[in-house]
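Novice: My structure file entry_10.txt, compact mmCIF, C-alpha atoms, is below:
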```
# COMPACT_ATOMS: atom_id res chain seq x y z
CA MET A 1 0.00 0.00 0.00
CA PRO A 2 1.22 3.58 -0.65
CA VAL A 3 2.81 5.34 2.27
CA ASN A 4 0.83 8.24 3.65
CA PRO A 5 3.29 11.18 3.62
CA GLU A 6 1.82 12.45 6.88
CA GLN A 7 2.51 9.21 8.77
CA TYR A 8 6.23 9.29 9.26
CA VAL A 9 6.46 6.95 12.29
CA PRO A 10 3.73 4.32 12.01
CA GLU A 11 5.10 2.43 15.04
CA HIS A 12 3.84 5.12 17.42
CA PRO A 13 1.59 7.57 15.51
CA GLU A 14 -0.37 8.48 18.64
CA VAL A 15 2.63 10.26 20.22
CA PRO A 16 4.37 12.68 17.84
CA THR A 17 8.12 12.67 18.40
CA HIS A 18 10.66 15.41 17.72
CA LEU A 19 11.45 13.55 14.51
CA ASP A 20 7.77 13.63 13.52
CA LEU A 21 7.68 17.38 14.06
CA GLU A 22 10.86 18.01 12.10
CA LEU A 23 9.69 15.83 9.21
CA GLY A 24 6.35 17.63 9.20
CA LYS A 25 8.12 20.99 9.07
CA LEU A 26 10.33 19.75 6.24
CA ARG A 27 7.27 18.60 4.32
CA GLN A 28 5.56 21.98 4.67
CA ASN A 29 8.70 23.84 3.62
CA LEU A 30 9.00 21.65 0.55
CA LEU A 31 5.37 22.22 -0.43
CA GLY A 32 5.85 25.95 0.05
CA MET A 33 8.84 25.90 -2.31
CA TRP A 34 6.82 23.83 -4.77
CA ASN A 35 4.03 26.44 -4.84
CA LEU A 36 6.56 29.22 -5.39
CA VAL A 37 8.22 27.43 -8.29
CA ILE A 38 4.90 26.61 -9.95
CA SER A 39 4.03 30.29 -9.64
CA GLN A 40 7.36 31.22 -11.26
CA VAL A 41 6.72 28.97 -14.25
CA SER A 42 3.12 30.18 -14.59
CA LYS A 43 4.30 33.79 -14.55
CA ALA A 44 6.94 32.98 -17.14
CA GLU A 45 4.18 31.70 -19.41
CA GLU A 46 2.19 34.90 -18.97
CA ALA A 47 5.28 37.07 -19.43
CA ILE A 48 6.19 35.43 -22.76
CA ASN A 49 2.59 35.45 -24.02
CA PHE A 50 2.00 39.14 -23.31
CA HIS A 51 5.57 40.47 -23.36
CA ASP A 52 5.06 41.55 -19.76
CA ARG A 53 8.39 43.03 -18.70
CA ASN A 54 7.18 43.88 -15.20
CA LEU A 55 6.20 40.27 -14.62
CA ALA A 56 9.59 39.16 -15.92
CA LEU A 57 11.28 41.44 -13.40
CA GLU A 58 9.08 39.99 -10.65
CA ILE A 59 10.21 36.48 -11.59
CA LYS A 60 13.84 37.54 -11.35
CA ALA A 61 13.27 39.11 -7.94
CA ASN A 62 11.49 36.00 -6.65
CA GLU A 63 14.39 33.79 -7.68
CA LYS A 64 16.12 34.78 -4.44
CA ARG A 65 13.18 33.30 -2.53
CA VAL A 66 13.51 30.06 -4.46
CA ASP A 67 17.22 29.86 -3.64
CA ALA A 68 16.55 30.65 0.02
CA SER A 69 13.89 27.93 0.16
CA GLU A 70 16.30 25.32 -1.19
CA LEU A 71 18.94 26.34 1.35
CA ASN A 72 16.42 26.16 4.18
CA ILE A 73 15.30 22.68 3.12
CA THR A 74 18.88 21.47 2.73
CA LEU A 75 19.74 22.69 6.24
CA GLY A 76 16.58 21.04 7.59
CA CYS A 77 17.52 17.72 6.00
CA GLU A 78 21.06 17.91 7.34
CA ASN A 79 19.74 18.67 10.80
CA ILE A 80 17.39 15.67 10.75
CA LEU A 81 20.11 13.33 9.52
CA ALA A 82 22.59 14.53 12.13
CA LEU A 83 20.27 14.61 15.15
CA PHE A 84 17.74 11.82 14.60
CA SER A 85 19.40 9.20 12.35
CA PRO A 86 16.12 8.35 10.55
CA VAL A 87 15.65 4.91 9.02
CA ALA A 88 13.39 3.21 6.46
CA ALA A 89 10.63 5.47 5.06
CA ASP A 90 11.78 8.44 7.16
CA LEU A 91 15.29 8.23 5.71
CA ARG A 92 13.97 7.85 2.18
CA PHE A 93 11.76 10.88 2.72
CA VAL A 94 14.69 13.06 3.82
CA LEU A 95 16.94 11.90 0.97
CA SER A 96 14.15 12.47 -1.53
CA ALA A 97 13.40 15.92 -0.10
CA LEU A 98 17.01 16.96 -0.71
CA LYS A 99 16.84 15.95 -4.36
CA ILE A 100 13.33 17.32 -4.90
CA ALA A 101 14.41 20.72 -3.56
CA TYR A 102 17.42 20.69 -5.90
CA ASN A 103 15.24 19.91 -8.93
CA LEU A 104 12.73 22.58 -7.94
CA GLU A 105 15.56 25.10 -7.66
CA ARG A 106 16.74 24.18 -11.17
CA THR A 107 13.18 24.62 -12.42
CA GLY A 108 13.14 28.07 -10.88
CA ASP A 109 16.39 28.85 -12.69
CA TYR A 110 14.81 27.98 -16.03
CA ALA A 111 11.82 30.22 -15.26
CA LYS A 112 14.26 33.05 -14.54
CA THR A 113 16.05 32.40 -17.84
CA ILE A 114 12.74 32.69 -19.68
CA ALA A 115 12.12 35.97 -17.84
CA ASN A 116 15.49 37.24 -19.09
CA ILE A 117 14.48 36.28 -22.63
CA VAL A 118 11.29 38.32 -22.27
CA LEU A 119 13.38 41.30 -21.19
CA ASP A 120 15.64 40.84 -24.23
CA LEU A 121 12.74 40.82 -26.68
CA GLU A 122 12.17 44.23 -28.20
CA LYS A 123 8.45 43.83 -28.91
CA PRO A 124 5.52 41.45 -28.36
CA LEU A 125 5.62 38.26 -30.42
CA PRO A 126 3.06 37.55 -33.15
CA SER A 127 0.53 35.21 -31.54
CA GLU A 128 0.43 32.87 -34.55
CA MET A 129 4.21 32.56 -34.57
CA LEU A 130 4.22 31.80 -30.85
CA LYS A 131 1.54 29.14 -31.33
CA LYS A 132 3.43 27.43 -34.17
CA SER A 133 6.58 27.29 -32.05
CA GLY A 134 4.92 24.77 -29.74
CA ILE A 135 5.69 26.85 -26.66
CA PRO A 136 2.05 27.22 -25.45
CA VAL A 137 1.65 23.43 -25.52
CA MET A 138 4.95 22.97 -23.71
CA PHE A 139 3.95 25.39 -20.96
CA ALA A 140 0.63 23.58 -20.51
CA VAL A 141 2.39 20.21 -20.22
CA THR A 142 5.11 21.42 -17.84
CA LEU A 143 2.62 23.06 -15.50
CA THR A 144 0.47 19.92 -15.51
CA MET A 145 3.54 17.88 -14.63
CA LEU A 146 4.46 20.18 -11.75
CA HIS A 147 0.93 20.08 -10.34
CA ASP A 148 0.66 16.31 -10.74
CA ILE A 149 3.89 15.50 -8.95
CA GLN A 150 3.00 17.90 -6.16
CA ARG A 151 -0.36 16.16 -5.71
CA ALA A 152 1.34 12.76 -5.90
CA PHE A 153 3.70 13.82 -3.12
CA GLU A 154 0.89 15.17 -0.95
CA THR A 155 -1.36 12.13 -1.36
CA GLY A 156 1.23 9.36 -1.59
CA ASP A 157 0.04 8.41 -5.08
CA SER A 158 2.99 6.80 -6.87
CA ALA A 159 0.78 5.89 -9.86
CA LEU A 160 0.15 9.59 -10.45
CA SER A 161 3.90 10.17 -10.34
CA ARG A 162 4.35 7.66 -13.16
CA THR A 163 1.99 9.59 -15.46
CA VAL A 164 4.63 12.31 -15.61
CA PHE A 165 6.96 10.13 -17.69
CA SER A 166 4.65 10.06 -20.71
CA LYS A 167 4.18 13.82 -20.47
CA ASP A 168 7.95 14.26 -20.50
CA GLU A 169 8.04 12.29 -23.74
CA GLU A 170 5.63 14.85 -25.23
CA LEU A 171 8.07 17.62 -24.39
CA ASP A 172 10.98 15.62 -25.77
CA ALA A 173 9.12 15.13 -29.06
CA ILE A 174 8.49 18.87 -29.45
CA ASN A 175 12.10 19.63 -28.57
CA LYS A 176 13.42 17.06 -31.07
CA GLY A 177 11.26 18.57 -33.80
CA ALA A 178 12.28 22.12 -32.95
CA TYR A 179 14.98 22.34 -35.65
CA ARG A 180 12.49 21.66 -38.42
CA THR A 181 9.79 23.78 -36.77
CA PHE A 182 12.01 26.81 -36.42
CA THR A 183 13.53 26.42 -39.87
CA GLU A 184 10.02 26.70 -41.27
CA LEU A 185 9.21 29.65 -39.00
CA ILE A 186 12.33 31.52 -40.14
CA ARG A 187 11.19 31.09 -43.74
CA GLU A 188 7.72 32.34 -42.84
CA TYR A 189 8.88 35.20 -40.58
CA PRO A 190 12.32 36.25 -41.89
CA GLU A 191 12.01 39.61 -40.14
CA GLU A 192 11.62 37.85 -36.78
CA VAL A 193 14.84 35.80 -36.79
CA PRO A 194 16.24 37.30 -33.51
CA ALA A 195 12.93 36.69 -31.74
CA LEU A 196 12.73 33.14 -33.10
CA LEU A 197 16.19 32.36 -31.75
CA HIS A 198 14.98 33.52 -28.35
CA LEU A 199 11.91 31.30 -28.67
CA LEU A 200 14.08 28.32 -29.53
CA SER A 201 15.91 28.93 -26.26
CA VAL A 202 12.55 28.91 -24.45
CA VAL A 203 11.75 25.52 -26.00
CA ARG A 204 15.04 24.12 -24.69
CA ARG A 205 14.34 25.44 -21.17
CA LEU A 206 10.84 24.01 -21.07
CA GLU A 207 12.19 20.63 -22.12
CA ARG A 208 14.63 20.85 -19.20
CA ILE A 209 11.80 21.71 -16.81
CA GLY A 210 10.18 18.47 -17.95
CA ASP A 211 13.38 16.63 -17.08
CA GLN A 212 13.41 18.14 -13.59
CA SER A 213 9.79 17.08 -13.06
CA LYS A 214 10.63 13.56 -14.21
CA ASN A 215 13.50 13.48 -11.70
CA ILE A 216 11.13 14.56 -8.93
CA ALA A 217 8.64 11.84 -9.90
CA GLU A 218 11.41 9.26 -9.58
CA GLU A 219 12.26 10.56 -6.10
CA ILE A 220 8.62 10.35 -5.02
CA ILE A 221 8.42 6.74 -6.18
CA PHE A 222 11.67 5.96 -4.36
CA TYR A 223 10.29 7.48 -1.15
CA LEU A 224 6.90 5.76 -1.36
CA GLU A 225 7.93 2.36 -2.69
CA ALA A 226 11.65 2.03 -1.86
CA ASP A 227 12.04 1.46 -5.59
CA LEU A 228 14.93 3.13 -7.41
CA ILE A 229 13.74 3.45 -11.01
CA LYS A 230 16.28 5.92 -12.42
CA HIS A 231 17.72 4.58 -15.68
CA ASN A 232 15.09 1.80 -15.70
CA LYS A 233 12.47 2.86 -18.28
CA SER A 234 10.35 -0.28 -17.89
CA LYS A 235 9.46 0.70 -14.32
CA ARG A 236 8.31 4.17 -15.33
CA LYS A 237 5.19 2.94 -17.10
CA PRO A 238 1.87 3.19 -15.22
CA PRO A 239 0.50 -0.23 -14.19
CA GLN A 240 -1.78 -1.82 -16.78
CA GLU A 241 -5.47 -2.06 -15.90
CA THR A 242 -6.86 -5.57 -15.54
```
Take the structure from the file and write it as structure tokens.
Specialist:
Amino acid sequence: MPVNPEQYVPEHPEVPTHLDLELGKLRQNLLGMWNLVISQVSKAEEAINFHDRNLALEIKANEKRVDASELNITLGCENILALFSPVAADLRFVLSALKIAYNLERTGDYAKTIANIVLDLEKPLPSEMLKKSGIPVMFAVTLTMLHDIQRAFETGDSALSRTVFSKDEELDAINKGAYRTFTELIREYPEEVPALLHLLSVVRRLERIGDQSKNIAEEIIFYLEADLIKHNKSKRKPPQET
């Protein structure tokens, strides 16, 4: 059965220990960072769609909060490991939290890079050109992935974590086809070559956000099932219905 993320010490759940309290605090800090990073990516989408320079500047300013959140979580994990020597599911939770925070921080970095691209653009992008680039679809997929893995973490749903892998393949497919897509866009919009090069960079960053989400999904599965699936593609598939 899936592990309930809120039940860290099933041997004595009726009496919360200091370890319980520290793990609970770590969990809340991680969810807070998750919400902040999702907000950063969502704002990056809005900034690129509407050439909103003020929103791009807000994303850059908030990046310091993302970095501070990762540092706080890292220190919390180190404190738990040093003082409480957790074992079994508790240890897996702490180790996973460290890696999840790292991947969330990298996701925040990519959102900031997209904000910088918005600031470099001289004018709003033609909506049809933006649509043909595949970027709106990529944003929709990446945000769905981030929400799904957050919900999987909160509810202890490892099956939901596994749905992220197929979504990452969607992003990979768009990224792999980007050369042909942008070659055609340059022919169609020769006056927009500098902007198109910026958009190609956005495609690459969104594909990387998908990779970070996939990494987080693997950490959630490791925590919940004690199953290390990195580099094992066969284990990433959702279970078949019978």
Novice: Counting only C-alpha atoms, what is within 12 Å of stretch 32-37 of chain A, bar same-chain residues fewer than 4 positions away, as a PyMOL selection string?
Specialist: chain A and resi 25-28+41-44+59-60+62-73+97+100-112+142-143+145-151+153-154+209+212-213+216
Novice: In Å, how far is it from atom CA of A:Glu46 to atom CA of A:Ile114?
Specialist: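 Result for atom CA of A:Glu46 versus atom CA of A:Ile114: 10.8 Å, one decimal.
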Novice: Distance atom CA of A:Glu169-atom CA of A:Glu188, one decimal place?
Specialist: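 Pair atom CA of A:Glu169 / atom CA of A:Glu188 returns 27.7 Å.
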Novice: Using only C-alpha atoms, which of the listed residues (A:Val193, A:Val94, A:Met129, A:Ala226) sits closest to A:Thr74?
Specialist: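 So, comparing all the options, the nearest one is A:Val94.
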Novice: So the first atom is atom CA of A:Val203 and the second is atom CA of A:Asn175; what is the distance between them in Å, to one decimal place?
Specialist: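 Calculated distance between atom CA of A:Val203 and atom CA of A:Asn175 is 6.4 Å.
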Novice: Taking (7.0, 26.3, -31.0) in the coordinates of the supplied file, I want to know which residues reach to within 10 Å of it, counting only C-alpha atoms; could you give the answer as a PyMOL selection string?
Specialist: chain A and resi 128-138+174-175+177-178+181-182+185+196+199-200+202-203
